[in-house]
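Novice: There's a structure below that I have some questions on.
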2 protein chains.
Amino acid sequence: MNPMTELEKGPTGRRRGRGARERILGASRQLFREQGINRTGMDQLCAAAQVSKRTAYQHFTGKDELVAEYLRRFDPAVLSGVFDRADLTPRERLLAAFDVSPGTPLCPYIAAAVELHDPQHPASRYARDYKKAVAARLADTAREAGAADPEQLGEQLALLIDGAAARSRVLDADAFPTAAAVAAVLIDNALPAAAGDGRRGEEVPS
Amino acid sequence: MNPMTELEKGPTGRRRGRGARERILGASRQLFREQGINRTGMDQLCAAAQVSKRTAYQHFTGKDELVAEYLRRFDPAVLSGVFDRADLTPRERLLAAFDVSPGTPLCPYIAAAVELHDPQHPASRYARDYKKAVAARLADTAREAGAADPEQLGEQLALLIDGAAARSRVLDADAFPTAAAVAAVLIDNALPAAAGDGRRGEEVPS
DNA sequence: AGTTATGTACACCGATCCGTATGCTTACGG
DNA sequence: CCGTAAGCATACGGATCGGTGTACATAACT
């Protein structure tokens with residue numbers, strides 16, 4: 001078993017070294033979330049990653065690029081895992097997106113967009129891309145569930161997720177149950193009593 | 001006679017002095033919103049307020065206190081004005097809360113909570129208080145409109161507002177129309193006997 | 001071998017940050 | 001008129017920030 005998980009980024013497939021880059025990104029994931037981006041200095045980050053500062057700046061041209069890569073690599077199994085669950089009906093999958101563990105601090109994309117405060121920043125672009133991707137997947141699932149206007153429902157559910165994340169942060173309390181309740185209403189309202197497996201025909205057929 | 005402590009800012013103020021405090025808070029409102037809190041230094045802020053640094057630190061013990069006061073004084077006519085409009089039915093007032101001008105950058109409370117990153121910070125407490133106050137006013141209006149569960153509806157609508165604010169920030173696009181659409185569904189769903197739409201002066205004892 | 005990429009250790013730089021110290025100027029009130 | 005206090009200008013201090021430079025060590029692949 002290769003101790004190095006994956007290290008492919010080099011153009012010529014260089015596999016030397018001892019994975020400093022991964023350690024840096026790992027420390028970023030932890031510290032940026034715990035303390036925020038701006039409050040995490042490169043010195044502290046390098047110390048946590050057990051990487052010399054020089055090495056860090058050989059892998060990333062600057063902190064901005066590191067932040068961008070931190071966001072780009074943030075493939076949250078939290079969400080991507082939800083959409084692939086074949087044991088759930090499409091409707092249940094839509095609702096499962098709101099079952100986040102209460103310990104989740106905050107969507108890092110929102111935090112980054114606020115902290116960086118520059119829509120032109122590369123990391124801000126990744127944040128936008130991610131948010132759009134989530135909405136698209138929600139829309140796909142909504143279509144699969146037979147929603148009348150899948151794009152609209154996807155966008156609405158995505159907005160609910162972001163609202164729960166932001167509100168949880170400000171209030172320091174879990175707001176996802178509220179969002180899930182709204183989502184249930186929206187979904188029921190958008191699925192015209194579908195004959196599918198989602199709902200067991202309790203709705204009045206049109 | 002009481003030499004008019006500077007903590008009074010009513011319309012009758014300013015007998016003496018040149019109102020440095022108000023200039024500082026005015027500059028804060030502008031710069032904190034345009035650039036964020038952390039990216040705005042006290043030097044820049046004092047320059048914009050045309051106030052010497054010494055004076056600023058005689059009015060505020062530090063930046064933290066200034067930030068807290070900035071949030072405390074942020075009584076957004078945007079929202080508070082909505083709930084007092086007597087020309088609208090309660091239901092219309094609930095929906096009017098989503099009619100924000102597209103230029104609004106972002107709810108400063110969310111931004112502050114993210115930037116300060118410390119739930120114990122005084123400003124974070126003000127942010128929580130404000131969010132709860134908004135939800136409470138929404139709940140009051142929902143009750144006035146005859147909602148079955150006003151508290152729940154108020155919390156749901158507040159979540160929608162926050163979601164729209166956060167999402168607008170990340171996507172750099174206006175998300176309030178989407179939130180308004182969801183709000184309309186929720187409201188219609190929560191007002192049971194509400195036959196038809198616009199109506200005025202129905203039973204509202206309470 | 002030996003070369004080359006990768007990583008380390010540590011000092012260092014300029015900029016910026018928050019906050020303070022010192023001294024001076026102005027406006028008002030009695 | 002003078003006294004008091006609010007406000008002004010400026011420089012400084014100590015800390016931290018992002019980012020470099022230099023010299024040395026290690027691993028990998030030829």
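Within each chain, counting starts at residue 1; across the structure tokens, chains are named A, B, ... in the order shown, with ligands numbered 1 upward in that order.
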If chain B is superposed onto chain A by least squares using every Cα atom in order, what is the RMSD, in Å to one decimal?

Specialist: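 4.7 Å is the C-alpha RMSD between the two chains.
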
Novice: Could I get the residues of chain B with an atom no further than 9 Å from an atom of chain A, each paired with its nearest atom pair and that distance in Å to one decimal, using only C-alpha atoms, sorted by chain and residue number, as CSV?

Specialist:
residue,atom,partner,partner_atom,distance
B:Glu34,CA,A:His117,CA,8.8
B:Gln35,CA,A:His117,CA,6.9
B:Gly36,CA,A:His117,CA,6.9
B:Asn38,CA,A:Asn38,CA,8.1
B:Arg39,CA,A:His117,CA,8.9
B:Tyr109,CA,A:Val170,CA,7.5
B:Ile110,CA,A:Val170,CA,6.1
B:Ala111,CA,A:Val114,CA,6.2
B:Ala112,CA,A:Val170,CA,8.7
B:Ala113,CA,A:Val170,CA,5.7
B:Val114,CA,A:Ala111,CA,6.2
B:Glu115,CA,A:Glu115,CA,6.1
B:Leu116,CA,A:Gly36,CA,8.9
B:His117,CA,A:Gly36,CA,6.9
B:Asp118,CA,A:Gln35,CA,8.9
B:Pro119,CA,A:Asp172,CA,7.2
B:Ser124,CA,A:Val170,CA,7.3
B:Arg125,CA,A:Leu171,CA,8.7
B:Ala127,CA,A:Val170,CA,6.7
B:Arg128,CA,A:Leu171,CA,5.2
B:Asp129,CA,A:Leu171,CA,8.5
B:Lys131,CA,A:Leu171,CA,7.5
B:Lys132,CA,A:Leu171,CA,8.2
B:Gln152,CA,A:Thr178,CA,8.1
B:Glu155,CA,A:Thr178,CA,7.6
B:Gln156,CA,A:Thr178,CA,6.4
B:Ala158,CA,A:Arg167,CA,8.7
B:Leu159,CA,A:Gly163,CA,5.3
B:Leu160,CA,A:Gly163,CA,6.0
B:Ile161,CA,A:Gly163,CA,7.4
B:Asp162,CA,A:Gly163,CA,5.1
B:Gly163,CA,A:Gly163,CA,3.1
B:Ala164,CA,A:Leu159,CA,6.4
B:Ala165,CA,A:Gly163,CA,8.0
B:Ala166,CA,A:Asp162,CA,6.5
B:Arg167,CA,A:Asp162,CA,6.4
B:Arg169,CA,A:Ala113,CA,7.0
B:Val170,CA,A:Ala113,CA,5.6
B:Leu171,CA,A:Arg128,CA,5.2
B:Asp172,CA,A:Pro119,CA,7.1
B:Ala175,CA,A:Leu159,CA,8.0
B:Thr178,CA,A:Gln156,CA,6.4
B:Ala179,CA,A:Gln156,CA,7.1
B:Ala181,CA,A:Gln156,CA,8.6
B:Val182,CA,A:Gln156,CA,7.0
B:Val185,CA,A:Leu186,CA,7.5
B:Leu186,CA,A:Val185,CA,7.5
B:Asn189,CA,A:Val185,CA,8.3

Novice: Name all residues at most 10 Å from DT10 (chain D) (count only C-alpha atoms (C1' of nucleotides); drop same-chain ones fewer than 5 positions away) and give them as a list in words.

Specialist: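 Residues near the query, excluding close chain neighbours: Ser52 of chain B; DT22 and DG23 of chain C.
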
Novice: For the selection you just gave me, I'd like the residues written to a file as a PDB file, in the first residue's frame, keeping C-alpha atoms (C1' of nucleotides).

Specialist:
ATOM      1  CA  SER B  52      -7.469  62.312  14.488  1.00  0.00           C
TER       2      SER B  52
ATOM      3  C1'  DT C  22       3.442  64.364  23.324  1.00  0.00           C
ATOM      4  C1'  DG C  23       2.331  68.743  22.169  1.00  0.00           C
TER       5       DG C  23
END

Novice: Residues of chain A that have any atom at most 12 Å from an atom of chain D: could you tabulate them with the shortest-distance atom pair and the distance in Å to one decimal, using only C-alpha atoms (C1' of nucleotides), ordered by chain and increasing number, as CSV?

Specialist:
residue,atom,partner,partner_atom,distance
A:Arg14,CA,D:DA28,C1',9.7
A:Arg15,CA,D:DA28,C1',8.8
A:Arg16,CA,D:DA28,C1',6.4
A:Gly17,CA,D:DA27,C1',6.9
A:Arg18,CA,D:DA27,C1',9.0
A:Asn38,CA,D:DC17,C1',10.0
A:Arg39,CA,D:DC17,C1',10.0
A:Thr40,CA,D:DC17,C1',9.9
A:Gly41,CA,D:DC17,C1',7.0
A:Met42,CA,D:DG18,C1',7.4
A:Asp43,CA,D:DC17,C1',9.2
A:Gln44,CA,D:DC17,C1',11.1
A:Lys53,CA,D:DG19,C1',9.4
A:Arg54,CA,D:DT20,C1',8.5
A:Thr55,CA,D:DT20,C1',11.9
A:Ala56,CA,D:DG19,C1',10.7
A:Tyr57,CA,D:DG19,C1',8.2
A:Gln58,CA,D:DT20,C1',11.3
A:Phe60,CA,D:DG19,C1',11.4
A:Thr61,CA,D:DG19,C1',9.4
A:Gly62,CA,D:DG19,C1',7.8
A:Lys63,CA,D:DG18,C1',7.7
A:Asp64,CA,D:DG18,C1',10.3

Novice: Residues of chain C within 12 Å of chain A, using only C-alpha atoms (C1' of nucleotides), as a compact mmCIF listing (two decimals) with C-alpha atoms (C1' of nucleotides), in the first residue's frame?

Specialist:
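Contents of selection34.txt, freshly written:
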# COMPACT_ATOMS: atom_id res chain seq x y z
C1' DT C 4 18.50 17.17 -9.34
C1' DA C 5 14.31 18.01 -7.34
C1' DT C 6 12.32 18.49 -2.68
C1' DG C 7 12.42 19.86 1.97
C1' DT C 8 14.59 22.24 6.19
C1' DA C 9 16.14 25.96 9.34
C1' DC C 10 16.31 30.59 10.37
